$ cat work.tsv   # TSV, C-alpha atoms
chain	number	residue	atom	x	y	z
W	1	MET	CA	-2.81	27.43	-65.47
W	2	SER	CA	-2.51	23.79	-64.73
W	3	GLU	CA	-3.09	21.37	-67.54
W	4	LYS	CA	-4.76	18.11	-66.70
W	5	LYS	CA	-2.93	15.07	-67.93
W	6	MET	CA	-4.81	12.55	-70.01
W	7	SER	CA	-5.06	9.03	-68.65
W	8	THR	CA	-3.33	6.25	-70.57
W	9	SER	CA	-6.60	4.44	-71.27
W	10	ARG	CA	-8.03	7.64	-72.78
W	11	LYS	CA	-4.86	8.07	-74.90
W	12	HIS	CA	-5.10	4.49	-76.17
W	13	ASN	CA	-8.81	4.92	-76.91
W	14	LEU	CA	-8.21	8.12	-78.92
W	15	LYS	CA	-5.26	6.56	-80.73
W	16	SER	CA	-7.31	3.53	-81.76
W	17	LEU	CA	-10.14	5.80	-82.95
W	18	MET	CA	-7.69	7.88	-85.04
W	19	LEU	CA	-6.18	4.74	-86.53
W	20	SER	CA	-9.59	3.32	-87.46
W	21	ILE	CA	-10.63	6.63	-89.08
W	22	ALA	CA	-7.34	6.76	-91.01
W	23	LYS	CA	-7.82	3.16	-92.12
W	24	ASN	CA	-11.32	3.95	-93.42
W	25	LEU	CA	-10.03	7.05	-95.24
W	26	LEU	CA	-7.21	5.06	-96.88
W	27	GLN	CA	-9.66	2.37	-97.97
W	28	ALA	CA	-12.02	4.99	-99.45
W	29	GLU	CA	-9.09	6.67	-101.25
W	30	LYS	CA	-7.98	3.32	-102.66
W	31	THR	CA	-11.46	2.49	-104.03
W	32	GLN	CA	-11.76	6.03	-105.48
W	33	LEU	CA	-8.40	5.68	-107.26
W	34	GLU	CA	-9.45	2.33	-108.69
W	35	ALA	CA	-12.74	3.80	-109.94
W	36	ASP	CA	-10.89	6.77	-111.49
W	37	ARG	CA	-8.47	4.40	-113.23
W	38	ILE	CA	-11.29	2.29	-114.68
W	39	LYS	CA	-13.13	5.44	-115.85
W	40	TYR	CA	-9.97	6.82	-117.48
W	41	MET	CA	-9.22	3.52	-119.21
W	42	ASP	CA	-12.80	3.32	-120.57
W	43	GLU	CA	-12.60	6.85	-121.95
W	44	ASN	CA	-9.11	6.72	-123.44
W	45	CYS	CA	-8.71	3.04	-124.29
W	46	PRO	CA	-11.80	1.64	-125.97
W	47	ALA	CA	-12.11	-2.09	-126.45
W	48	LEU	CA	-10.03	-3.35	-129.36
W	49	SER	CA	-12.05	-4.55	-132.30
W	50	MET	CA	-10.06	-6.61	-134.79
W	51	PRO	CA	-11.19	-5.88	-138.34
W	52	GLY	CA	-11.19	-8.77	-140.78
W	53	SER	CA	-9.76	-7.15	-143.94
W	54	MET	CA	-6.15	-6.25	-144.55
W	55	GLN	CA	-6.95	-2.64	-145.39
W	56	ASP	CA	-8.85	-2.16	-142.11
W	57	LEU	CA	-5.89	-3.60	-140.19
W	58	GLN	CA	-3.53	-1.16	-141.90
W	59	GLU	CA	-5.83	1.75	-141.04
W	60	LEU	CA	-5.94	0.58	-137.41
W	61	CYS	CA	-2.15	0.35	-137.30
W	62	LYS	CA	-1.79	3.87	-138.73
W	63	LYS	CA	-4.27	5.18	-136.19
W	64	LEU	CA	-2.42	3.47	-133.32
W	65	HIS	CA	0.97	4.80	-134.54
W	66	HIS	CA	-0.50	8.30	-134.71
W	67	GLN	CA	-1.77	7.98	-131.12
W	68	ILE	CA	1.60	6.64	-129.96
W	69	ASP	CA	3.38	9.62	-131.56
W	70	LYS	CA	0.96	12.02	-129.88
W	71	VAL	CA	1.46	10.40	-126.46
W	72	ASP	CA	5.26	10.48	-126.90
W	73	GLU	CA	5.12	14.20	-127.73
W	74	ASP	CA	2.99	14.86	-124.65
W	75	ARG	CA	5.35	12.81	-122.47
W	76	TYR	CA	8.36	14.70	-123.84
W	77	ASP	CA	6.67	18.06	-123.22
W	78	LEU	CA	5.76	17.08	-119.67
W	79	ALA	CA	9.31	15.84	-119.00
W	80	ALA	CA	10.70	19.17	-120.29
W	81	LYS	CA	8.30	21.08	-118.02
W	82	VAL	CA	9.32	19.00	-115.02
W	83	GLU	CA	13.03	19.51	-115.79
W	84	LYS	CA	12.48	23.26	-116.15
W	85	GLY	CA	10.58	23.34	-112.86
W	86	ASN	CA	13.35	21.41	-111.09
W	87	LYS	CA	15.97	23.83	-112.44
W	88	GLU	CA	13.92	26.81	-111.25
W	89	ILE	CA	13.58	25.21	-107.82
W	90	GLU	CA	17.37	24.72	-107.61
W	91	ASP	CA	17.98	28.33	-108.70
W	92	LEU	CA	15.54	29.58	-106.08
W	93	LYS	CA	17.20	27.48	-103.40
W	94	ILE	CA	20.56	28.98	-104.33
W	95	ASN	CA	19.05	32.48	-104.23
W	96	VAL	CA	17.61	31.80	-100.78
W	97	GLN	CA	21.02	30.63	-99.59
W	98	ASP	CA	22.61	33.79	-101.00
W	99	LEU	CA	20.02	36.01	-99.34
W	100	LYS	CA	20.50	34.32	-95.99
W	101	GLY	CA	24.24	34.76	-96.27
W	102	LYS	CA	24.86	31.78	-94.07
W	103	PHE	CA	26.57	28.77	-95.52
W	104	LYS	CA	26.94	25.57	-93.61
W	105	LYS	CA	30.56	24.59	-93.41
W	106	PRO	CA	31.03	20.86	-93.27
W	107	ALA	CA	32.89	19.45	-90.32
W	108	LEU	CA	36.30	18.50	-91.60
W	109	LYS	CA	37.98	15.39	-90.38
W	110	LYS	CA	41.71	15.08	-89.79
W	111	VAL	CA	43.25	12.75	-92.31
W	112	ARG	CA	46.75	11.41	-91.93
W	113	MET	CA	48.15	11.29	-95.43
W	114	SER	CA	51.67	11.36	-96.75
W	115	ALA	CA	52.72	13.95	-99.31
W	116	ASP	CA	52.93	11.23	-101.98
W	117	ALA	CA	49.40	10.04	-101.25
W	118	MET	CA	48.12	13.63	-101.26
W	119	LEU	CA	49.71	14.40	-104.64
W	120	LYS	CA	48.41	11.11	-106.01
W	121	ALA	CA	44.89	12.00	-104.82
W	122	LEU	CA	45.11	15.48	-106.36
W	123	LEU	CA	46.84	14.60	-109.61
W	124	GLY	CA	45.44	11.12	-110.13
W	125	SER	CA	47.43	8.37	-111.81
W	126	LYS	CA	49.64	10.94	-113.60
W	127	HIS	CA	51.56	11.44	-110.34
W	128	THR	CA	55.19	10.38	-110.79
W	129	VAL	CA	56.99	12.90	-108.55
W	130	ASN	CA	58.68	11.26	-105.61
W	131	MET	CA	58.50	13.37	-102.47
W	132	ASP	CA	61.23	11.45	-100.62
W	133	LEU	CA	63.49	14.48	-100.28
W	134	ARG	CA	66.09	12.75	-98.13
W	135	ALA	CA	66.91	10.32	-100.94
W	136	ASN	CA	67.89	13.22	-103.21
W	137	LEU	CA	70.42	14.70	-100.77
W	138	LYS	CA	74.18	14.13	-101.05
W	139	GLN	CA	75.92	12.03	-98.46
W	140	VAL	CA	78.39	14.19	-96.52
W	141	LYS	CA	80.87	12.75	-94.05
W	142	LYS	CA	81.32	14.75	-90.90
W	143	GLU	CA	84.91	15.73	-90.09
W	144	VAL	CA	85.61	15.86	-86.40
W	145	LYS	CA	87.77	18.87	-85.52
W	146	GLU	CA	90.49	18.26	-82.97
W	147	GLU	CA	90.44	21.85	-81.76
W	148	GLU	CA	86.99	21.38	-80.27
W	149	LYS	CA	88.17	18.41	-78.21
W	150	GLU	CA	91.03	20.43	-76.71
W	151	ALA	CA	88.77	23.37	-75.93
W	152	VAL	CA	86.52	21.24	-73.74
W	153	GLY	CA	88.91	21.51	-70.75
W	154	ASP	CA	88.54	24.25	-68.15
W	155	TRP	CA	85.98	26.76	-69.34
W	156	ARG	CA	87.46	29.64	-67.35
W	157	LYS	CA	90.82	29.21	-69.01
W	158	ASN	CA	89.15	29.08	-72.42
W	159	ILE	CA	87.30	32.34	-71.76
W	160	GLU	CA	90.43	34.11	-70.54
W	161	ASP	CA	92.39	33.03	-73.61
W	162	LYS	CA	89.78	34.44	-75.93
W	163	ALA	CA	89.09	37.60	-73.97
W	164	GLY	CA	90.19	40.91	-75.53
W	165	MET	CA	93.16	41.66	-77.75
W	166	ASP	CA	94.57	38.20	-78.45
W	167	GLY	CA	95.03	37.19	-74.86
W	168	ARG	CA	96.80	40.38	-73.80
W	169	LYS	CA	94.61	40.52	-70.75
W	170	LYS	CA	97.28	38.54	-68.90
W	171	MET	CA	99.90	41.18	-69.71
W	172	PHE	CA	97.84	43.94	-68.18
W	173	GLU	CA	97.06	41.85	-65.09
W	174	SER	CA	100.76	41.06	-64.49
W	175	GLU	CA	101.77	44.77	-64.76
W	176	ALA	CA	99.19	45.99	-62.31

$ encode --input "work.tsv" --output "structure tokens"
Amino acid sequence: MSEKKMSTSRKHNLKSLMLSIAKNLLQAEKTQLEADRIKYMDENCPALSMPGSMQDLQELCKKLHHQIDKVDEDRYDLAAKVEKGNKEIEDLKINVQDLKGKFKKPALKKVRMSADAMLKALLGSKHTVNMDLRANLKQVKKEVKEEEKEAVGDWRKNIEDKAGMDGRKKMFESEA
């Protein structure tokens, strides 16, 4: 089955048609949203009529405060529902991860950090331990042994002197 390729002019023509249709749909959606907003505002927010007497003004204020309280309760209830829904979504995501059994391990980067810096990062500003272990060691002077300098000579002689029964190897060699 060979598929025929579409010419570039045909592609451009189709693309421009799709864009014009999408533009018309967006414009229609925008006008519909505006009409819905105006309709909602007319239904829920009637024109404000300012009464002349003090008692009528107080009644209007009480009515408005009652409506504000009702709207706040509705908003709080909706926020609680949204929060509950988000928590359920997170729980379901965790359950899906558990069911899959595959967890993505992040790629770890090598970080060059001294022991002091690592402890400071782990323990925070409470870190006072100094990890400079060499500073805590005692200074010891090395004593050079003179025996070692003499033993450096001929290695064969050194081996024969130390071989078997306190150097008695020579006695047995001279008797034989």

$ atom_distance --input "work.tsv" --atom1 "CA of Leu19 (chain W)" --atom2 "CA of Glu34 (chain W)"
22.5 Å

$ atom_distance --input "work.tsv" --atom1 "CA of Glu43 (chain W)" --atom2 "CA of Lys30 (chain W)"
20.1 Å

$ atom_distance --input "work.tsv" --atom1 "CA of Ile94 (chain W)" --atom2 "CA of Ala79 (chain W)"
22.7 Å
